[in-house]
Every structure is written in structure tokens, then in C-alpha cells.
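Enquirer: For reference, the file input_28.cif (mmCIF, C-alpha atoms) is included below:
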```cif
data_start
#
loop_
_atom_site.group_PDB
_atom_site.id
_atom_site.type_symbol
_atom_site.label_atom_id
_atom_site.label_comp_id
_atom_site.auth_asym_id
_atom_site.auth_seq_id
_atom_site.Cartn_x
_atom_site.Cartn_y
_atom_site.Cartn_z
ATOM 1 C CA MET A 1 33.946 36.493 48.255
ATOM 2 C CA HIS A 2 30.786 34.637 49.260
ATOM 3 C CA TYR A 3 30.088 30.918 49.006
ATOM 4 C CA LEU A 4 26.849 29.032 49.082
ATOM 5 C CA ALA A 5 26.442 26.519 51.844
ATOM 6 C CA LYS A 6 27.069 22.968 50.660
ATOM 7 C CA HIS A 7 23.624 21.857 51.715
ATOM 8 C CA ALA A 8 21.757 25.029 50.839
ATOM 9 C CA ALA A 9 18.106 24.376 50.156
ATOM 10 C CA ARG A 10 17.223 24.115 46.450
ATOM 11 C CA LYS A 11 15.092 26.854 45.011
ATOM 12 C CA ARG A 12 11.446 25.997 44.662
ATOM 13 C CA ARG A 13 10.014 26.033 41.153
ATOM 14 C CA SER A 14 7.300 28.575 40.811
ATOM 15 C CA ILE A 15 3.713 27.437 40.446
ATOM 16 C CA LYS A 16 3.722 29.013 36.990
ATOM 17 C CA ALA A 17 6.730 26.936 35.886
ATOM 18 C CA ARG A 18 5.149 23.756 37.225
ATOM 19 C CA PHE A 19 1.931 24.422 35.351
ATOM 20 C CA ALA A 20 3.940 25.099 32.198
ATOM 21 C CA GLY A 21 5.542 21.662 32.568
ATOM 22 C CA ILE A 22 2.123 20.064 32.959
ATOM 23 C CA GLY A 23 0.973 21.836 29.797
ATOM 24 C CA VAL A 24 3.916 20.465 27.766
ATOM 25 C CA ALA A 25 3.308 16.933 29.017
ATOM 26 C CA SER A 26 -0.397 17.205 28.174
ATOM 27 C CA ALA A 27 0.400 18.434 24.658
ATOM 28 C CA ALA A 28 2.777 15.506 24.118
ATOM 29 C CA THR A 29 0.063 13.102 25.270
ATOM 30 C CA ILE A 30 -2.453 14.645 22.864
ATOM 31 C CA VAL A 31 -0.028 14.459 19.895
ATOM 32 C CA GLY A 32 0.771 10.854 20.738
ATOM 33 C CA GLY A 33 -2.943 10.082 20.892
ATOM 34 C CA ILE A 34 -3.535 11.646 17.473
ATOM 35 C CA ALA A 35 -0.696 9.625 15.907
ATOM 36 C CA THR A 36 -2.080 6.412 17.419
ATOM 37 C CA ALA A 37 -5.566 7.245 16.140
ATOM 38 C CA ASN A 38 -4.223 7.847 12.613
ATOM 39 C CA GLU A 39 -2.374 4.542 12.621
ATOM 40 C CA ALA A 40 -5.471 2.717 13.860
ATOM 41 C CA LYS A 41 -7.571 4.346 11.139
ATOM 42 C CA ALA A 42 -5.035 3.315 8.476
ATOM 43 C CA ALA A 43 -4.967 -0.257 9.765
ATOM 44 C CA SER A 44 -8.765 -0.333 9.682
ATOM 45 C CA VAL A 45 -8.995 0.737 6.024
ATOM 46 C CA TRP A 46 -6.355 -1.867 5.064
ATOM 47 C CA ASP A 47 -8.420 -4.507 6.854
ATOM 48 C CA SER A 48 -11.348 -3.467 4.651
ATOM 49 C CA VAL A 49 -9.199 -3.757 1.503
ATOM 50 C CA ALA A 50 -7.980 -7.181 2.640
ATOM 51 C CA GLN A 51 -11.559 -8.302 3.307
ATOM 52 C CA CYS A 52 -12.414 -7.425 -0.292
ATOM 53 C CA GLU A 53 -9.235 -8.886 -1.793
ATOM 54 C CA SER A 54 -8.778 -12.104 0.178
ATOM 55 C CA GLY A 55 -11.659 -12.473 2.577
ATOM 56 C CA GLY A 56 -9.394 -11.006 5.245
ATOM 57 C CA ASN A 57 -6.996 -13.960 5.119
ATOM 58 C CA TRP A 58 -3.497 -12.482 5.504
ATOM 59 C CA SER A 59 -1.699 -15.811 4.953
ATOM 60 C CA ILE A 60 -3.565 -16.951 1.859
ATOM 61 C CA ASN A 61 -1.774 -18.550 -1.109
ATOM 62 C CA THR A 62 -4.061 -20.260 -3.593
ATOM 63 C CA GLY A 63 -1.348 -20.767 -6.199
ATOM 64 C CA ASN A 64 -2.641 -18.109 -8.605
ATOM 65 C CA GLY A 65 0.372 -15.796 -8.309
ATOM 66 C CA PHE A 66 -1.131 -13.496 -5.678
ATOM 67 C CA TYR A 67 -0.165 -13.662 -2.023
ATOM 68 C CA GLY A 68 -1.391 -12.489 1.359
ATOM 69 C CA GLY A 69 -4.286 -10.421 2.587
ATOM 70 C CA LEU A 70 -3.743 -7.628 0.050
ATOM 71 C CA GLN A 71 -2.880 -10.012 -2.783
ATOM 72 C CA PHE A 72 0.618 -8.914 -3.773
ATOM 73 C CA THR A 73 2.405 -10.394 -6.750
ATOM 74 C CA ALA A 74 5.884 -11.688 -5.962
ATOM 75 C CA GLN A 75 7.413 -8.980 -8.177
ATOM 76 C CA THR A 76 5.609 -6.153 -6.397
ATOM 77 C CA TRP A 77 6.402 -7.565 -2.973
ATOM 78 C CA ARG A 78 10.122 -7.639 -3.793
ATOM 79 C CA ALA A 79 10.138 -4.279 -5.619
ATOM 80 C CA TYR A 80 8.786 -2.423 -2.583
ATOM 81 C CA GLY A 81 11.093 -4.071 -0.044
ATOM 82 C CA GLY A 82 8.947 -6.958 1.157
ATOM 83 C CA SER A 83 11.872 -9.389 0.933
ATOM 84 C CA ALA A 84 13.163 -7.806 4.140
ATOM 85 C CA TYR A 85 10.230 -9.513 5.889
ATOM 86 C CA ALA A 86 9.572 -12.723 3.951
ATOM 87 C CA ALA A 87 9.947 -14.333 0.522
ATOM 88 C CA ASN A 88 6.267 -13.728 -0.281
ATOM 89 C CA ALA A 89 3.552 -11.608 1.334
ATOM 90 C CA ASN A 90 1.556 -14.556 2.698
ATOM 91 C CA GLN A 91 4.542 -15.477 4.882
ATOM 92 C CA ALA A 92 4.737 -11.996 6.448
ATOM 93 C CA SER A 93 2.652 -10.604 9.275
ATOM 94 C CA ARG A 94 -0.394 -8.395 8.792
ATOM 95 C CA GLU A 95 1.561 -5.360 9.988
ATOM 96 C CA GLN A 96 4.449 -6.073 7.606
ATOM 97 C CA GLN A 97 2.070 -6.446 4.669
ATOM 98 C CA ILE A 98 0.425 -3.128 5.573
ATOM 99 C CA ALA A 99 3.854 -1.461 5.720
ATOM 100 C CA ILE A 100 4.640 -2.584 2.151
ATOM 101 C CA ALA A 101 1.114 -1.696 1.000
ATOM 102 C CA GLN A 102 1.663 1.868 2.255
ATOM 103 C CA LYS A 103 4.780 2.108 0.073
ATOM 104 C CA VAL A 104 2.792 0.862 -2.923
ATOM 105 C CA LEU A 105 0.049 3.380 -2.091
ATOM 106 C CA ALA A 106 2.590 6.214 -1.926
ATOM 107 C CA GLY A 107 4.052 5.224 -5.307
ATOM 108 C CA GLN A 108 0.962 4.215 -7.278
ATOM 109 C CA GLY A 109 -2.043 5.483 -5.388
ATOM 110 C CA PRO A 110 -5.261 3.581 -4.613
ATOM 111 C CA GLY A 111 -5.432 2.496 -8.281
ATOM 112 C CA ALA A 112 -3.064 -0.345 -7.414
ATOM 113 C CA TRP A 113 -6.218 -1.959 -5.968
ATOM 114 C CA PRO A 114 -8.700 -0.667 -8.587
ATOM 115 C CA VAL A 115 -11.873 -2.305 -7.307
ATOM 116 C CA CYS A 116 -11.248 -2.953 -3.627
ATOM 117 C CA SER A 117 -9.786 0.482 -2.914
ATOM 118 C CA GLN A 118 -13.108 2.010 -3.990
ATOM 119 C CA ARG A 119 -15.146 -0.451 -1.975
ATOM 120 C CA ALA A 120 -13.018 0.116 1.126
ATOM 121 C CA GLY A 121 -12.763 3.885 0.664
ATOM 122 C CA LEU A 122 -8.949 3.741 0.505
ATOM 123 C CA THR A 123 -7.154 7.044 -0.190
ATOM 124 C CA ARG A 124 -3.536 8.193 -0.016
ATOM 125 C CA ALA A 125 -4.401 10.086 3.168
ATOM 126 C CA ASN A 126 -6.260 7.458 5.193
ATOM 127 C CA GLY A 127 -4.044 4.558 4.091
ATOM 128 C CA ALA A 128 -0.742 6.180 5.021
ATOM 129 C CA GLY A 129 -1.271 6.178 8.783
ATOM 130 C CA GLY A 130 1.333 7.889 10.965
ATOM 131 C CA ALA A 131 4.314 6.939 8.823
ATOM 132 C CA SER A 132 5.589 8.584 5.669
ATOM 133 C CA THR A 133 6.430 5.904 3.131
ATOM 134 C CA ALA A 134 8.307 6.365 -0.122
ATOM 135 C CA PRO A 135 8.263 3.665 -2.803
ATOM 136 C CA ALA A 136 11.292 1.483 -3.301
ATOM 137 C CA THR A 137 13.496 2.369 -6.270
ATOM 138 C CA THR A 138 12.904 0.045 -9.195
ATOM 139 C CA THR A 139 13.668 0.172 -12.885
ATOM 140 C CA SER A 140 10.135 -0.665 -13.792
ATOM 141 C CA ARG A 141 6.790 0.698 -12.859
ATOM 142 C CA SER A 142 4.147 -1.884 -12.156
ATOM 143 C CA THR A 143 0.491 -1.167 -11.785
ATOM 144 C CA THR A 144 1.073 -3.253 -8.787
ATOM 145 C CA ARG A 145 -2.334 -4.264 -8.516
ATOM 146 C CA THR A 146 -0.695 -6.052 -5.904
ATOM 147 C CA ALA A 147 -3.172 -8.047 -6.971
ATOM 148 C CA PRO A 148 -2.066 -5.788 -5.242
ATOM 149 C CA LYS A 149 -2.840 -6.172 -2.182
ATOM 150 C CA ALA A 150 -0.622 -6.457 0.599
ATOM 151 C CA THR A 151 -0.492 -7.139 4.339
ATOM 152 C CA ALA A 152 -0.682 -10.085 6.594
ATOM 153 C CA THR A 153 -1.204 -12.131 9.684
ATOM 154 C CA PRO A 154 -1.165 -15.834 8.928
ATOM 155 C CA LYS A 155 -4.492 -17.581 9.103
ATOM 156 C CA LYS A 156 -4.756 -20.738 7.081
ATOM 157 C CA THR A 157 -8.120 -20.874 5.394
ATOM 158 C CA THR A 158 -9.289 -21.736 1.938
ATOM 159 C CA THR A 159 -11.491 -18.663 1.667
ATOM 160 C CA LYS A 160 -10.913 -16.567 -1.423
ATOM 161 C CA THR A 161 -12.652 -13.368 -2.334
ATOM 162 C CA THR A 162 -15.064 -13.685 -5.170
ATOM 163 C CA THR A 163 -13.559 -10.605 -6.807
ATOM 164 C CA LYS A 164 -10.000 -10.639 -8.033
ATOM 165 C CA THR A 165 -9.482 -7.036 -8.988
ATOM 166 C CA THR A 166 -6.852 -7.645 -11.541
ATOM 167 C CA LYS A 167 -8.445 -10.567 -13.307
ATOM 168 C CA PRO A 168 -9.399 -9.436 -16.807
ATOM 169 C CA ALA A 169 -12.201 -10.792 -18.919
ATOM 170 C CA ASN A 170 -11.612 -13.292 -21.674
ATOM 171 C CA ALA A 171 -11.611 -12.534 -25.358
ATOM 172 C CA ALA A 172 -9.070 -10.056 -26.693
ATOM 173 C CA PRO A 173 -10.786 -7.100 -28.389
ATOM 174 C CA ALA A 174 -9.888 -5.865 -31.830
ATOM 175 C CA VAL A 175 -7.103 -3.281 -31.811
ATOM 176 C CA SER A 176 -7.403 0.162 -33.345
ATOM 177 C CA GLY A 177 -3.922 0.287 -34.824
ATOM 178 C CA LYS A 178 -2.949 3.018 -32.376
ATOM 179 C CA SER A 179 -0.458 2.475 -29.589
ATOM 180 C CA VAL A 180 0.950 4.082 -26.463
ATOM 181 C CA THR A 181 4.421 3.801 -24.907
ATOM 182 C CA VAL A 182 4.534 3.108 -21.153
ATOM 183 C CA MET A 183 6.182 5.901 -19.173
ATOM 184 C CA ALA A 184 7.402 5.926 -15.566
ATOM 185 C CA GLY A 185 4.439 5.909 -13.186
ATOM 186 C CA ASP A 186 1.932 4.512 -15.712
ATOM 187 C CA THR A 187 -0.504 1.732 -14.833
ATOM 188 C CA LEU A 188 -3.082 0.052 -17.035
ATOM 189 C CA SER A 189 -5.918 1.749 -15.177
ATOM 190 C CA GLU A 190 -4.302 5.192 -15.470
ATOM 191 C CA LEU A 191 -3.580 4.738 -19.193
ATOM 192 C CA ALA A 192 -7.111 3.500 -19.885
ATOM 193 C CA ALA A 193 -8.631 6.474 -18.053
ATOM 194 C CA ARG A 194 -6.329 9.023 -19.681
ATOM 195 C CA LEU A 195 -6.824 7.668 -23.200
ATOM 196 C CA GLY A 196 -10.552 7.051 -22.798
ATOM 197 C CA VAL A 197 -10.275 3.330 -23.555
ATOM 198 C CA LYS A 198 -13.708 1.779 -23.857
ATOM 199 C CA GLY A 199 -13.889 -1.147 -21.459
ATOM 200 C CA GLY A 200 -11.247 0.355 -19.162
ATOM 201 C CA TRP A 201 -7.976 -1.269 -18.143
ATOM 202 C CA GLN A 202 -9.451 -4.739 -18.707
ATOM 203 C CA ALA A 203 -9.914 -4.040 -22.429
ATOM 204 C CA LEU A 204 -6.426 -2.537 -22.658
ATOM 205 C CA TYR A 205 -4.970 -5.609 -20.966
ATOM 206 C CA ARG A 206 -6.857 -8.049 -23.227
ATOM 207 C CA ALA A 207 -5.543 -6.226 -26.295
ATOM 208 C CA ASN A 208 -1.985 -6.828 -25.082
ATOM 209 C CA THR A 209 -1.993 -10.299 -23.511
ATOM 210 C CA SER A 210 0.852 -11.395 -25.786
ATOM 211 C CA LEU A 211 3.047 -8.681 -24.226
ATOM 212 C CA VAL A 212 1.620 -8.147 -20.735
ATOM 213 C CA LYS A 213 1.496 -11.365 -18.714
ATOM 214 C CA ASN A 214 0.441 -9.731 -15.455
ATOM 215 C CA PRO A 215 -2.022 -6.800 -15.517
ATOM 216 C CA ASN A 216 -0.355 -5.522 -12.367
ATOM 217 C CA LEU A 217 3.102 -5.347 -13.922
ATOM 218 C CA ILE A 218 3.986 -3.207 -16.936
ATOM 219 C CA TYR A 219 7.379 -1.787 -17.778
ATOM 220 C CA VAL A 220 8.702 1.547 -18.927
ATOM 221 C CA GLY A 221 9.220 1.479 -22.696
ATOM 222 C CA GLN A 222 6.606 -1.151 -23.499
ATOM 223 C CA VAL A 223 4.445 -0.258 -26.494
ATOM 224 C CA LEU A 224 0.823 -1.168 -25.855
ATOM 225 C CA ARG A 225 -1.813 -1.461 -28.554
ATOM 226 C CA LEU A 226 -5.072 0.369 -28.002
ATOM 227 C CA PRO A 227 -8.349 -1.523 -28.459
ATOM 228 C CA ALA A 228 -10.656 -0.360 -31.228
#
```
Here is a file; write its structure as C-alpha cells.
Expert:
Amino acid sequence: MHYLAKHAARKRRSIKARFAGIGVASAATIVGGIATANEAKAASVWDSVAQCESGGNWSINTGNGFYGGLQFTAQTWRAYGGSAYAANANQASREQQIAIAQKVLAGQGPGAWPVCSQRAGLTRANGAGGASTAPATTTSRSTTRTAPKATATPKKTTTKTTTKTTKPANAAPAVSGKSVTVMAGDTLSELAARLGVKGGWQALYRANTSLVKNPNLIYVGQVLRLPA
């Protein structure tokens, strides 16, 4: 029987094996770089949405029911798990607001920010970043127009965007006598587009102000009247 010497020299790794190791490390570096680039791109598009929604002020609270850089309602913030960070979006950091906004985006799409998503070029793909986010489970489906809007790094300023995406116009239009029942996943903007409502979601909201108090929050089972 043969034994190896206790201090026998270790075998040298072949040049080929060492190059293979370098290749794996390089690939990991490249993948990591791509993930970082995607996250940076997502953060950039959310900054553009916030600029449109709140003038880029992540800690804004003007007392109108919308909070933070992406202008979340309190209901939307809680429904998508924001309470884990802060009571309202304006009290959370920019990164935390973006994290909740990505959940809203995954559940409702860019239509949750009907005007500012178009101006900022927000899509499901470029707003998701490196993380996969699924919406929180709720019994209701809001059009979370988070007044909608959602992310945040505190900066106390009085600046407020001139455009509040979810603010409807004034007078309620005449109704046609027809109605539609809200189903899971519906938003005012989606219903207006699908039903060809003249005047869009704003007209649909104005026809139902006695029932819908917040254009960003409608519930499954509600019966909405269609404008004439």
C-alpha cells in the first residue's frame, strides 16, 4: 500500500482551468453590471414621473390627500405594503416610494399615473428595474392613480406640480342611462378607453362623483353610470 507524503506539493491548476475561472468571474461581473444598469434606468424614469407629479419633491404633503414624490393616496400606499416603511409616502425615502410604485406598476400598469407616465415614458419594463414586484393582495382594485405616484426622499419645499393627473374637471356631465359594474383590475382610465367614453376617465369620474370620492380608488362591484 502506498501513502502520499504529508507535505506533498499540491498539484498545479492547469492554465486552461485558471482561464476558465477568470471567464466565470468576468461573466458574473458583466451580469452584475447589467442588473445595476437596469436599476439605475428604472430609478431615472421614476425621477421623471416624480418631477411631473410633484416637482421632484419626495417629501411633499400639501394636504390634498396625495403624498410623496409620486403622489400616492393613503389607501394605495397601505394596499401595496407601504405601511412597512412609513404611515404615508411623504414620510418614506425615495427608494422606498419607488419600491411601492413598482408594485403598483406591476398590478395596474402605467395607467396608474395617466398623464405623467406618458410624459416620462414610463412602461412596465423600464419601471420595474432589477426586481420582480407583485402587487399586494387587496379586496379592492384601485386605479391607484397614486395620485398615484409614489417614491421619496424628504425635501421640504412648497413646490407643487401644476398638473395633478387625477384631478377631474368640474361639472358633472349628463348620464346616458347605461352603466358598468367594476371588475377586478378595472380603473377609470381603462373603463373609459374600453367603453369609448367621450371625455375619457375624467368624464366617467364626473358622472359618478356621488359614488366615487377618489378617482384613483374604485371597488369591485361598484356600478358606475356612463356619461351621455
Enquirer: So the first atom is CA of Thr181 (chain A) and the second is CA of Ala74 (chain A); what is the distance between them in Å, to one decimal place?
Expert: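 Computing the Euclidean distance for CA of Thr181 (chain A) and CA of Ala74 (chain A) yields 24.5 Å.
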Enquirer: Work out how far apart CA of Val180 (chain A) and CA of Leu224 (chain A) are and give it in Å to one decimal.
Expert: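 It comes out at 5.3 Å.
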Enquirer: Which residue is closest to Val223 (chain A)? Choose from A:Val182, A:Ala99, A:Ala92, A:Ala203 and count only C-alpha atoms.
Expert: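 Once distances to Val223 (chain A) are computed over only C-alpha atoms, the minimum belongs to A:Val182.
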Enquirer: Report as a list in words the residues that result from applying the PyMOL selection byres ((chain A and resi 111) around 10) to the structure here.
Expert: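 Output from the PyMOL selection byres ((chain A and resi 111) around 10), applied to this file: Val104, Leu105, Gln108, Gly109, Pro110, Ala112, Trp113, Pro114, Val115, Cys116, Ser117, Gln118, Leu122, Thr123, Thr143, Thr144, Arg145, Pro148, Thr187, Leu188, Ser189 and Glu190 of chain A.
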Enquirer: So, counting all atoms listed in the file, which residue among A:Ala207, A:Met183, A:Ala192, A:Trp201 is closest to Gln222 (chain A)?
Expert: A:Met183
Enquirer: I'd like the interatomic distance between CA of Ala120 (chain A) and CA of Val45 (chain A), to a tenth of an Å.
Expert: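 Taking CA of Ala120 (chain A) as the start and CA of Val45 (chain A) as the end point, the length is 6.4 Å.
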Enquirer: Here's a test: counting only C-alpha atoms, identify every protein, DNA and RNA residue with an atom at most 8 Å from (-1.5, -10.2, 1.7) in the file's coordinate frame, and state them as a PDB file with C-alpha atoms, in the coordinates of the input.
Expert:
```pdb
ATOM      1  CA  ALA A  50      -7.980  -7.181   2.640  1.00  0.00           C
ATOM      2  CA  SER A  54      -8.778 -12.104   0.178  1.00  0.00           C
ATOM      3  CA  ASN A  57      -6.996 -13.960   5.119  1.00  0.00           C
ATOM      4  CA  TRP A  58      -3.497 -12.482   5.504  1.00  0.00           C
ATOM      5  CA  SER A  59      -1.699 -15.811   4.953  1.00  0.00           C
ATOM      6  CA  ILE A  60      -3.565 -16.951   1.859  1.00  0.00           C
ATOM      7  CA  TYR A  67      -0.165 -13.662  -2.023  1.00  0.00           C
ATOM      8  CA  GLY A  68      -1.391 -12.489   1.359  1.00  0.00           C
ATOM      9  CA  GLY A  69      -4.286 -10.421   2.587  1.00  0.00           C
ATOM     10  CA  LEU A  70      -3.743  -7.628   0.050  1.00  0.00           C
ATOM     11  CA  GLN A  71      -2.880 -10.012  -2.783  1.00  0.00           C
ATOM     12  CA  PHE A  72       0.618  -8.914  -3.773  1.00  0.00           C
ATOM     13  CA  ALA A  89       3.552 -11.608   1.334  1.00  0.00           C
ATOM     14  CA  ASN A  90       1.556 -14.556   2.698  1.00  0.00           C
ATOM     15  CA  ARG A  94      -0.394  -8.395   8.792  1.00  0.00           C
ATOM     16  CA  GLN A  97       2.070  -6.446   4.669  1.00  0.00           C
ATOM     17  CA  LYS A 149      -2.840  -6.172  -2.182  1.00  0.00           C
ATOM     18  CA  ALA A 150      -0.622  -6.457   0.599  1.00  0.00           C
ATOM     19  CA  THR A 151      -0.492  -7.139   4.339  1.00  0.00           C
ATOM     20  CA  ALA A 152      -0.682 -10.085   6.594  1.00  0.00           C
TER      21      ALA A 152
END
```
